[in-house]
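Below is my_file.cif, holding mmCIF, C-alpha atoms.
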data_work
loop_
_atom_site.label_atom_id
_atom_site.label_comp_id
_atom_site.auth_asym_id
_atom_site.auth_seq_id
_atom_site.Cartn_x
_atom_site.Cartn_y
_atom_site.Cartn_z
CA MET A 1 0.00 0.00 0.00
CA LYS A 2 2.85 2.32 0.98
CA GLN A 3 4.64 1.44 -2.28
CA VAL A 4 1.55 2.26 -4.33
CA ASN A 5 1.32 5.66 -2.61
CA VAL A 6 4.97 6.39 -3.33
CA MET A 7 4.41 5.45 -7.00
CA ARG A 8 1.40 7.75 -7.17
CA TYR A 9 3.31 10.56 -5.53
CA LYS A 10 6.12 10.14 -8.07
CA ASN A 11 3.58 10.05 -10.91
CA MET A 12 2.18 13.36 -9.73
CA LEU A 13 5.72 14.69 -9.54
CA ILE A 14 6.34 13.57 -13.15
CA VAL A 15 3.16 15.31 -14.37
CA GLY A 16 4.11 18.43 -12.38
CA LEU A 17 7.64 18.45 -13.81
CA LEU A 18 6.27 17.96 -17.34
CA VAL A 19 3.99 21.00 -16.87
CA ILE A 20 6.87 23.08 -15.41
CA GLY A 21 9.22 21.90 -18.18
CA PHE A 22 6.93 22.74 -21.08
CA GLY A 23 5.89 26.04 -19.41
CA LEU A 24 9.51 27.09 -18.91
CA PHE A 25 10.43 25.94 -22.41
CA ALA A 26 7.60 28.01 -23.91
CA VAL A 27 8.65 31.11 -21.93
CA VAL A 28 12.32 30.75 -22.90
CA GLN A 29 11.75 29.91 -26.58
CA GLY A 30 8.64 32.01 -27.13
CA VAL A 31 9.34 35.13 -25.08
CA ILE A 32 12.88 35.56 -23.71
CA ILE A 33 14.92 34.46 -26.76
CA PRO A 34 12.84 36.48 -29.33
CA GLN A 35 13.01 39.55 -27.02
CA ASN A 36 16.77 39.20 -26.67
CA GLU A 37 17.14 38.76 -30.42
CA GLN A 38 15.02 41.85 -31.07
CA ARG A 39 17.04 43.86 -28.55
CA HIS A 40 20.26 42.66 -30.17
CA GLN A 41 19.04 43.66 -33.63
CA GLN A 42 18.03 47.10 -32.30
CA TYR A 43 21.45 47.46 -30.68
CA LEU A 44 23.21 46.51 -33.94
CA ALA A 45 21.05 48.97 -35.87
CA ALA A 46 21.89 51.66 -33.31
CA GLN A 47 25.60 51.06 -33.94
CA GLN A 48 25.16 52.36 -37.47
CA ASN A 49 24.06 55.74 -36.15
CA PRO A 50 26.70 58.13 -34.69
CA VAL A 51 24.16 59.50 -32.21
CA THR A 52 23.40 56.11 -30.68
CA HIS A 53 26.75 54.40 -31.25
CA ASP A 54 28.06 52.59 -28.17
CA LEU A 55 31.61 53.75 -27.47
CA SER A 56 32.38 50.80 -25.23
CA ARG A 57 32.33 48.59 -28.35
CA ILE A 58 35.52 50.16 -29.68
CA LEU A 59 37.40 50.54 -26.38
CA PRO A 60 38.96 47.04 -26.60
CA PHE A 61 40.66 48.16 -29.84
CA LYS A 62 42.43 51.12 -28.27
CA ASN A 63 46.03 50.45 -29.19
CA ARG A 64 49.21 52.55 -29.26
CA TYR A 65 50.68 50.40 -32.03
CA MET A 66 49.16 51.36 -35.37
CA GLY A 67 50.84 48.52 -37.29
CA ASP A 68 48.42 45.96 -35.85
CA ALA A 69 46.34 45.52 -39.01
CA SER A 70 43.77 43.15 -37.49
CA ASN A 71 43.19 45.64 -34.67
CA VAL A 72 42.63 48.45 -37.18
CA ALA A 73 40.20 46.31 -39.19
CA ASN A 74 38.33 45.31 -36.04
CA LEU A 75 38.12 48.90 -34.88
CA PHE A 76 36.45 50.03 -38.10
CA GLN A 77 34.20 46.98 -38.12
CA HIS A 78 32.78 48.20 -34.81
CA LEU A 79 32.14 51.72 -36.09
CA PRO A 80 29.16 52.98 -38.11
CA LEU A 81 29.10 52.76 -41.92
CA ASP A 82 29.04 49.05 -42.49
CA VAL A 83 30.14 49.00 -46.14
CA GLU A 84 32.98 47.26 -47.94
CA ARG A 85 36.27 49.10 -47.48
CA THR A 86 40.05 48.90 -47.81
CA TYR A 87 42.74 50.35 -45.55
CA ARG A 88 46.04 52.03 -46.12
CA LEU A 89 48.38 52.79 -43.25
CA HIS A 90 50.55 55.92 -43.29
CA PRO A 91 52.97 55.52 -40.39
CA GLU A 92 54.95 58.63 -41.31
CA THR A 93 51.87 60.80 -40.67
CA TRP A 94 50.47 58.42 -37.98
CA SER A 95 47.25 58.01 -39.92
CA VAL A 96 44.97 55.40 -41.49
CA GLU A 97 43.35 55.93 -44.87
CA VAL A 98 40.01 54.19 -45.27
CA ASN A 99 38.51 53.80 -48.74
CA TYR A 100 34.81 53.03 -48.59
CA LYS A 101 33.58 51.27 -51.72
CA GLU A 102 30.16 52.85 -51.82
CA GLY A 103 28.87 56.02 -53.42
CA VAL A 104 27.98 58.90 -51.11
CA SER A 105 24.70 59.43 -52.94
CA ARG A 106 23.54 55.91 -52.05
CA ILE A 107 24.05 56.42 -48.32
CA GLY A 108 23.12 60.09 -48.17
CA GLU A 109 25.50 63.01 -48.00
CA GLU A 110 24.33 64.26 -44.61
CA ARG A 111 24.56 60.80 -43.07
CA VAL A 112 28.03 60.19 -44.48
CA HIS A 113 29.18 63.55 -43.17
CA LYS A 114 27.86 62.83 -39.66
CA ILE A 115 29.34 59.34 -39.59
CA LEU A 116 32.76 60.37 -40.87
CA THR A 117 32.91 63.24 -38.37
CA TRP A 118 32.13 60.75 -35.58
CA ILE A 119 34.67 58.21 -36.86
CA SER A 120 37.45 60.77 -37.16
CA GLN A 121 36.68 62.01 -33.65
CA VAL A 122 36.70 58.62 -31.93
CA THR A 123 39.68 57.26 -33.85
CA SER A 124 41.94 60.30 -33.52
CA HIS A 125 44.90 59.68 -31.25
CA LYS A 126 45.34 61.97 -28.28
CA LYS A 127 48.51 61.83 -26.25
CA MET B 1 16.43 -50.82 -26.86
CA VAL B 2 19.36 -48.90 -28.35
CA MET B 3 18.38 -45.94 -30.52
CA GLU B 4 20.51 -45.48 -33.58
CA GLY B 5 22.56 -42.30 -33.58
CA PHE B 6 21.73 -41.48 -29.97
CA ASN B 7 24.75 -40.49 -27.92
CA LYS B 8 23.75 -39.88 -24.31
CA GLN B 9 27.02 -38.09 -23.40
CA GLU B 10 26.65 -35.72 -26.32
CA GLU B 11 23.01 -35.17 -25.45
CA LEU B 12 23.87 -34.33 -21.83
CA ASN B 13 26.73 -32.01 -22.87
CA HIS B 14 24.42 -30.22 -25.27
CA TYR B 15 21.72 -29.87 -22.60
CA VAL B 16 24.16 -28.48 -20.02
CA ASP B 17 25.48 -25.98 -22.59
CA HIS B 18 21.89 -24.95 -23.23
CA LEU B 19 21.24 -24.46 -19.48
CA PHE B 20 24.24 -22.11 -19.17
CA ARG B 21 23.82 -20.30 -22.51
CA LYS B 22 23.12 -16.94 -20.75
CA TYR B 23 26.28 -17.01 -18.65
CA LYS B 24 29.85 -16.14 -19.43
CA PRO B 25 32.24 -19.07 -18.81
CA THR B 26 33.75 -17.71 -15.62
CA GLN B 27 35.57 -19.97 -13.15
CA GLN B 28 32.40 -20.29 -11.03
CA ILE B 29 30.21 -21.09 -14.04
CA ARG B 30 32.68 -23.68 -15.39
CA GLU B 31 32.77 -25.41 -12.01
CA LEU B 32 29.00 -25.33 -11.71
CA LYS B 33 28.64 -26.66 -15.24
CA ALA B 34 30.97 -29.60 -14.51
CA GLU B 35 29.03 -30.34 -11.32
CA ILE B 36 25.67 -30.33 -13.07
CA LEU B 37 27.02 -32.53 -15.86
CA SER B 38 28.42 -35.09 -13.43
CA ASN B 39 25.10 -35.09 -11.50
CA LEU B 40 23.21 -35.75 -14.72
CA GLU B 41 25.64 -38.48 -15.75
CA ALA B 42 25.28 -40.14 -12.34
CA LYS B 43 21.49 -39.95 -12.60
CA VAL B 44 21.51 -41.48 -16.10
CA ALA B 45 23.87 -44.23 -14.91
CA ASP B 46 21.54 -45.01 -11.98
CA LEU B 47 18.46 -45.10 -14.18
CA THR B 48 20.04 -47.27 -16.87
CA ALA B 49 21.38 -49.62 -14.17
CA SER B 50 17.83 -50.05 -12.94
CA GLY B 51 16.75 -51.16 -16.40
CA MET B 52 15.61 -47.94 -18.12
CA ASN B 53 16.72 -47.35 -21.70
CA ASP B 54 19.24 -44.59 -22.50
CA HIS B 55 16.82 -42.28 -24.17
CA GLU B 56 14.28 -42.31 -21.33
CA ALA B 57 17.03 -42.08 -18.71
CA VAL B 58 18.51 -38.99 -20.36
CA GLN B 59 15.04 -37.44 -20.69
CA GLN B 60 14.25 -38.07 -17.03
CA ALA B 61 17.62 -36.68 -15.94
CA LYS B 62 17.03 -33.56 -18.04
CA ASN B 63 13.58 -33.13 -16.52
CA SER B 64 15.11 -33.14 -13.06
CA ILE B 65 17.07 -29.95 -13.78
CA ARG B 66 15.05 -27.37 -15.71
CA SER B 67 17.04 -24.26 -14.78
CA VAL B 68 20.31 -23.36 -13.13
CA ASP B 69 19.51 -19.69 -12.50
CA HIS B 70 18.92 -20.27 -8.81
CA LEU B 71 22.32 -21.97 -8.48
CA VAL B 72 24.36 -19.15 -10.03
CA ASP B 73 26.06 -17.00 -7.44
CA GLY B 74 24.54 -13.51 -7.20
CA ASN B 75 21.28 -14.37 -8.94
CA ILE B 76 18.14 -13.20 -7.16
CA ARG B 77 14.55 -13.57 -8.26
CA VAL B 78 12.76 -10.25 -8.61
CA PHE B 79 9.21 -9.23 -9.45
CA ILE B 80 10.10 -8.07 -12.93
CA HIS B 81 7.09 -5.83 -13.72
CA PRO B 82 7.33 -3.41 -10.77
CA PHE B 83 11.15 -3.52 -11.07
CA ARG B 84 11.03 -2.37 -14.71
CA LEU B 85 8.23 0.11 -14.06
CA GLU B 86 10.04 1.87 -11.22
CA LEU B 87 13.34 1.84 -13.11
CA VAL B 88 11.70 3.60 -16.08
CA GLN B 89 9.94 5.97 -13.66
CA MET B 90 13.23 6.95 -12.01
CA GLY B 91 14.92 7.33 -15.40
CA LEU B 92 12.11 9.63 -16.48
CA LEU B 93 12.35 11.68 -13.27
CA PHE B 94 16.12 12.15 -13.68
CA SER B 95 15.68 13.13 -17.35
CA LEU B 96 12.94 15.63 -16.46
CA ILE B 97 15.08 17.28 -13.77
CA ALA B 98 18.09 17.47 -16.14
CA TRP B 99 15.87 18.86 -18.92
CA ILE B 100 14.31 21.56 -16.72
CA LEU B 101 17.66 22.59 -15.24
CA THR B 102 19.21 22.98 -18.72
CA ILE B 103 16.30 24.96 -20.27
CA PRO B 104 17.61 28.38 -19.05
CA PHE B 105 20.95 27.60 -20.73
CA ARG B 106 19.17 27.99 -24.08
CA ILE B 107 19.00 31.76 -23.40
CA PHE B 108 22.80 31.83 -23.62
CA GLY B 109 22.75 29.64 -26.74
CA LEU B 110 24.60 26.91 -24.85
CA GLY B 111 23.67 23.24 -24.45
CA VAL B 112 20.82 23.61 -26.97
CA LEU B 113 21.47 20.19 -28.52
CA LEU B 114 21.73 18.51 -25.11
CA ASN B 115 18.53 20.20 -23.94
CA THR B 116 16.70 19.14 -27.11
CA ILE B 117 17.89 15.53 -26.68
CA LEU B 118 16.75 15.59 -23.05
CA MET B 119 13.36 16.95 -24.09
CA ALA B 120 12.97 14.15 -26.67
CA LEU B 121 14.02 11.65 -24.00
CA CYS B 122 11.39 13.06 -21.61
CA ILE B 123 8.62 12.87 -24.23
CA VAL B 124 9.49 9.30 -25.28
CA GLY B 125 10.09 8.30 -21.64
CA SER B 126 6.70 9.70 -20.57
CA ILE B 127 4.88 7.80 -23.31
CA VAL B 128 6.70 4.54 -22.48
CA TYR B 129 6.29 4.96 -18.72
CA PHE B 130 2.58 5.80 -18.72
CA ALA B 131 1.89 3.03 -21.26
CA MET B 132 3.65 0.58 -18.90
CA TYR B 133 1.86 2.05 -15.87
CA PHE B 134 -1.65 1.81 -17.30
CA SER B 135 -1.05 -1.61 -18.86
CA SER B 136 0.14 -2.88 -15.45
CA LYS B 137 -3.15 -1.59 -13.98
CA ARG B 138 -5.08 -3.68 -16.50
CA LYS B 139 -2.94 -6.80 -16.12
CA LYS B 140 -4.14 -9.68 -14.02
CA GLU B 141 -2.59 -10.23 -10.61
CA GLU B 142 -0.77 -13.42 -11.71
CA ALA B 143 0.88 -11.63 -14.61
CA LEU B 144 2.18 -8.97 -12.24
CA GLN B 145 3.70 -11.65 -10.02
CA ALA B 146 6.06 -12.77 -12.83
CA LYS B 147 9.60 -13.22 -11.58
CA LYS B 148 12.94 -13.15 -13.33
CA TYR B 149 16.49 -13.68 -12.21
CA VAL B 150 18.66 -10.60 -11.91
CA ASN B 151 22.31 -10.97 -11.06
CA TYR B 152 22.93 -8.38 -8.37
CA ARG B 153 26.70 -8.92 -8.57
CA LEU B 154 26.63 -8.00 -12.26
CA VAL B 155 24.42 -4.95 -11.56
CA ALA B 156 26.79 -3.85 -8.77
CA LYS B 157 29.76 -4.33 -11.10
CA LEU B 158 28.07 -2.26 -13.82
CA LYS B 159 27.23 0.41 -11.24
CA ARG B 160 30.86 0.68 -10.11
CA ALA B 161 32.09 0.71 -13.73
CA SER B 162 29.58 3.41 -14.72
CA TRP B 163 30.65 5.66 -11.80
CA ARG B 164 34.31 5.17 -12.73
CA ILE B 165 33.72 5.96 -16.42
CA TRP B 166 31.58 8.96 -15.50
CA SER B 167 34.22 10.33 -13.11
CA LEU B 168 36.87 9.95 -15.79
CA PHE B 169 34.61 11.64 -18.33
CA ILE B 170 34.00 14.58 -15.97
CA ILE B 171 37.74 14.98 -15.28
CA VAL B 172 38.61 14.93 -19.00
CA VAL B 173 35.80 17.32 -19.98
CA THR B 174 36.59 19.72 -17.12
CA LEU B 175 40.28 19.79 -18.05
CA THR B 176 39.40 20.29 -21.73
CA THR B 177 37.06 23.17 -20.90
CA THR B 178 39.77 24.75 -18.73
CA ALA B 179 42.34 24.38 -21.51
CA VAL B 180 40.01 25.88 -24.11
CA GLN B 181 38.82 28.73 -21.86
CA PHE B 182 42.10 29.69 -20.21
CA GLY B 183 44.75 28.14 -22.46
CA SER B 184 45.11 31.28 -24.61
CA HIS B 185 46.72 32.95 -21.61
CA ILE B 186 49.53 30.40 -21.81
CA TRP B 187 50.13 29.78 -25.50
CA PHE B 188 49.04 33.11 -27.00
CA ALA B 189 50.12 35.25 -24.05
CA ARG B 190 46.74 36.95 -24.31
CA PRO B 191 45.26 37.56 -20.87
CA VAL B 192 41.86 36.04 -20.21
CA THR B 193 39.32 38.57 -19.03
CA ILE B 194 35.93 37.65 -17.62
CA GLU B 195 33.82 40.75 -17.40
CA GLY B 196 30.47 40.92 -15.75
CA PRO B 197 27.90 38.38 -14.65
CA TYR B 198 27.03 37.31 -18.23
CA GLN B 199 30.49 35.99 -18.97
CA TRP B 200 30.67 34.33 -15.55
CA ALA B 201 27.34 32.62 -16.26
CA VAL B 202 28.57 31.42 -19.68
CA LEU B 203 31.71 30.00 -18.08
CA ALA B 204 29.73 28.30 -15.29
CA ILE B 205 27.34 26.75 -17.84
CA LYS B 206 30.24 25.36 -19.88
CA TYR B 207 31.54 23.62 -16.77
CA ALA B 208 28.07 22.51 -15.57
CA LEU B 209 26.70 20.99 -18.81
CA PRO B 210 28.64 17.67 -18.75
CA PHE B 211 27.28 16.95 -15.27
CA ALA B 212 23.88 16.19 -16.84
CA SER B 213 25.39 12.81 -17.78
CA VAL B 214 25.19 11.80 -14.10
CA ILE B 215 21.81 10.27 -15.07
CA VAL B 216 23.60 7.18 -16.45
CA PRO B 217 25.47 6.03 -13.31
CA LEU B 218 22.48 7.07 -11.18
CA LEU B 219 20.27 4.67 -13.13
CA PHE B 220 22.65 1.76 -12.42
CA HIS B 221 22.59 2.82 -8.79
CA VAL B 222 18.80 2.75 -8.75
CA ALA B 223 18.71 -0.61 -10.60
CA GLU B 224 20.77 -2.23 -7.84
CA LYS B 225 18.53 -0.79 -5.11
CA LEU B 226 15.36 -1.86 -6.94
CA ALA B 227 16.66 -5.42 -7.46
CA PHE B 228 16.72 -5.86 -3.68
CA LYS B 229 13.49 -3.90 -3.14
CA TYR B 230 11.55 -6.21 -5.47
CA GLU B 231 13.37 -9.43 -4.58
CA ALA B 232 10.86 -12.28 -4.37
CA GLY B 233 11.05 -13.42 -0.76
CA GLU B 234 9.41 -16.20 1.22
CA ARG B 235 5.90 -14.89 0.74
CA ASP B 236 6.44 -14.37 -3.00
CA GLU B 237 3.96 -11.51 -3.10
CA ILE B 238 4.31 -7.78 -3.61
#
Turn the structure described in the file into structure tokens.
Amino acid sequence: MKQVNVMRYKNMLIVGLLVIGFGLFAVVQGVIIPQNEQRHQQYLAAQQNPVTHDLSRILPFKNRYMGDASNVANLFQHLPLDVERTYRLHPETWSVEVNYKEGVSRIGEERVHKILTWISQVTSHKK
Amino acid sequence: MVMEGFNKQEELNHYVDHLFRKYKPTQQIRELKAEILSNLEAKVADLTASGMNDHEAVQQAKNSIRSVDHLVDGNIRVFIHPFRLELVQMGLLFSLIAWILTIPFRIFGLGVLLNTILMALCIVGSIVYFAMYFSSKRKKEEALQAKKYVNYRLVAKLKRASWRIWSLFIIVVTLTTTAVQFGSHIWFARPVTIEGPYQWAVLAIKYALPFASVIVPLLFHVAEKLAFKYEAGERDEI
């Protein structure tokens, strides 16, 4: 009799755990993950705008050595204006030349101006 | 009457081999086998001496020993239906707990495959368990009293082996995770930085995930306990 009661108790526990499991699964898959994904997409979109760009994204690429090509590429990858580009380093003038392979008219002159102003500000070296 | 082509020694050897077909030829089994064979030979010799023909004597000797399960060391008779039912129930409970505990890891994009496998295991396990449970409710009392031999020594051996393999697995996986997570500090001279609670959580999850495999040795542990719980005793009733 005692054994039967223990079995029943465990059966109820199984049903309860199934309900909790599927409930939690639905919340995680149906609510939390889509919300996080949406927030992430919004954040990425905000990184393309100089007004909302998150400066902390480029801080890890602060480097006194300009010859680190992968660091330079990473730095610009984390800045607005996500278009194909090439780089040219000018160590004698301590500068980086970035050639964006996209017409200004396609992006918008005002936007390009704002973005380039922001990029030149945040990437300029201050001693 | 001598039957053509009938070799009583061969017949007895064949029968003894058949009786022990389930068992590995360990020292104990070989000794037991030899003992059973000599008993059968003695019985046949007695019967033929008293005037019975070879064929009948061998048949009668064979009838006297139908099974050797009760003679094998470590074999116990258990009520097989409740034993299986509770084993599946415990397996299902462990899988459910592991599944629920690993669901939040999906938020971090970690252990998704493991969690999906556990979910499938829970669904299949629930179907199997409740089918067994309700069919046992419908079964007649005599059917539920069915007994089978379980070798508790073998179960105990499997339990010990599974704990050993699991411990080894955990050590190897933990060391691998440590090497992958912190190795760059050594061979790339790039310091490892863990910033904020998110990265700590990711690291903790990477270490915690392999522990879900504890279900396997736990099931062997439970099987051993259940073998004794459902051992058919003097009363032979549940």
Original post:
How far is it from atom CA of A:Gly21 to atom CA of B:Leu101, in Å with one decimal?
Top reply: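 Interatomic distance, atom CA of A:Gly21 to atom CA of B:Leu101: 9.0 Å.
If you look at atom CA of B:Asn115 and atom CA of A:Gly16, they are 18.6 Å away from each other.
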Contacts between chain B and chain A, please, where a residue of chain A counts if it comes within 10 Å (with all atoms listed in the file); show its shortest atom pair and distance in Å to one decimal, rows by chain and ascending number, as a tab-separated table.
residue	atom	partner	partner_atom	distance
A:Met1	CA	B:Ile238	CA	9.6
A:Gln3	CA	B:Ile238	CA	9.3
A:Met7	CA	B:Glu86	CA	7.9
A:Lys10	CA	B:Gln89	CA	8.0
A:Asn11	CA	B:Gln89	CA	8.0
A:Leu13	CA	B:Leu93	CA	8.2
A:Ile14	CA	B:Leu93	CA	6.3
A:Val15	CA	B:Ser126	CA	9.1
A:Leu17	CA	B:Leu96	CA	6.6
A:Leu18	CA	B:Leu96	CA	7.1
A:Ile20	CA	B:Ile100	CA	7.7
A:Gly21	CA	B:Ile100	CA	5.3
A:Phe22	CA	B:Ile100	CA	8.7
A:Gly23	CA	B:Ile100	CA	9.9
A:Leu24	CA	B:Ile103	CA	7.2
A:Phe25	CA	B:Ile103	CA	6.3
A:Ala26	CA	B:Ile103	CA	9.9
A:Val27	CA	B:Pro104	CA	9.8
A:Val28	CA	B:Ile107	CA	6.8
A:Gln29	CA	B:Arg106	CA	8.1
A:Ile32	CA	B:Ile107	CA	7.2
A:Ile33	CA	B:Ile107	CA	5.9
A:Pro34	CA	B:Ile107	CA	9.8
A:Asn36	CA	B:Ile107	CA	8.4
**OP:** Find, counting all atoms listed in the file, the residue in A:Asn74, A:Asn49, A:Thr117, A:Met66 that gets nearest to A:Arg88.
**Re:**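 Smallest separation from A:Arg88 among the options: A:Met66.
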**OP:** For B:Glu224, work out the shell of residues within 10 Å, counting all atoms listed in the file and skipping chain neighbours fewer than 4 positions away, then give it as number ranges by chain.
**Re:** B: 87, 150-159, 219-220, 228-229
**OP:** Pick out the residues sitting within 9 Å of stretch 38-43 of chain A, and hand them over as a list in words; count all atoms listed in the file, and ignore anything fewer than 3 positions along from it in its own chain.
**Re:** Ile33, Pro34, Gln35, Ala46, Gln47, Thr52, His53 and Asp54 of chain A
Original post:
Which polymer residues have any atom within 8 Å of an atom of B:Asn13, counting all atoms listed in the file, with same-chain residues fewer than 4 positions away left out, as a list of chain:residue names?
Top reply: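 The residues that qualify are B:Gln9, B:Asp17, B:Leu37.
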Original post:
What's the 9 Å shell around stretch 56-63 of chain B, counting only C-alpha atoms, without same-chain residues fewer than 6 positions away, as a list in words?
Top reply: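 Result of the neighbour search: Lys8, Glu11, Leu12, Tyr15, Val16, Asn39, Leu40, Glu41, Lys43, Val44, Ala45, Asp46, Leu47 and Thr48 of chain B.
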Original post:
Exactly which residues make up the result of the PyMOL selection byres ((chain B and resi 148) around 12) on this file, given as a ChimeraX atom specification?
Top reply: /B:67,69-70,75-84,144-147,149-151,227,230-232
**OP:** Determine the residue membership of the PyMOL selection byres ((chain A and resi 100) around 9) for the file above and supply it as a VMD selection string.
**Re:** chain A and resid 81 83 to 87 98 to 99 101 to 103
**OP:** One decimal, Å: what's the distance from atom CA of A:Leu44 over to atom CA of A:Pro60, could you say?
**Re:** 17.4 Å
Original post:
Evaluating the PyMOL selection byres ((chain B and resi 197-206) around 12) on the displayed file yields which residues, as an MDAnalysis selection string?
Top reply: chainID B and resid 101:112 173:178 180:182 192:196 207:212
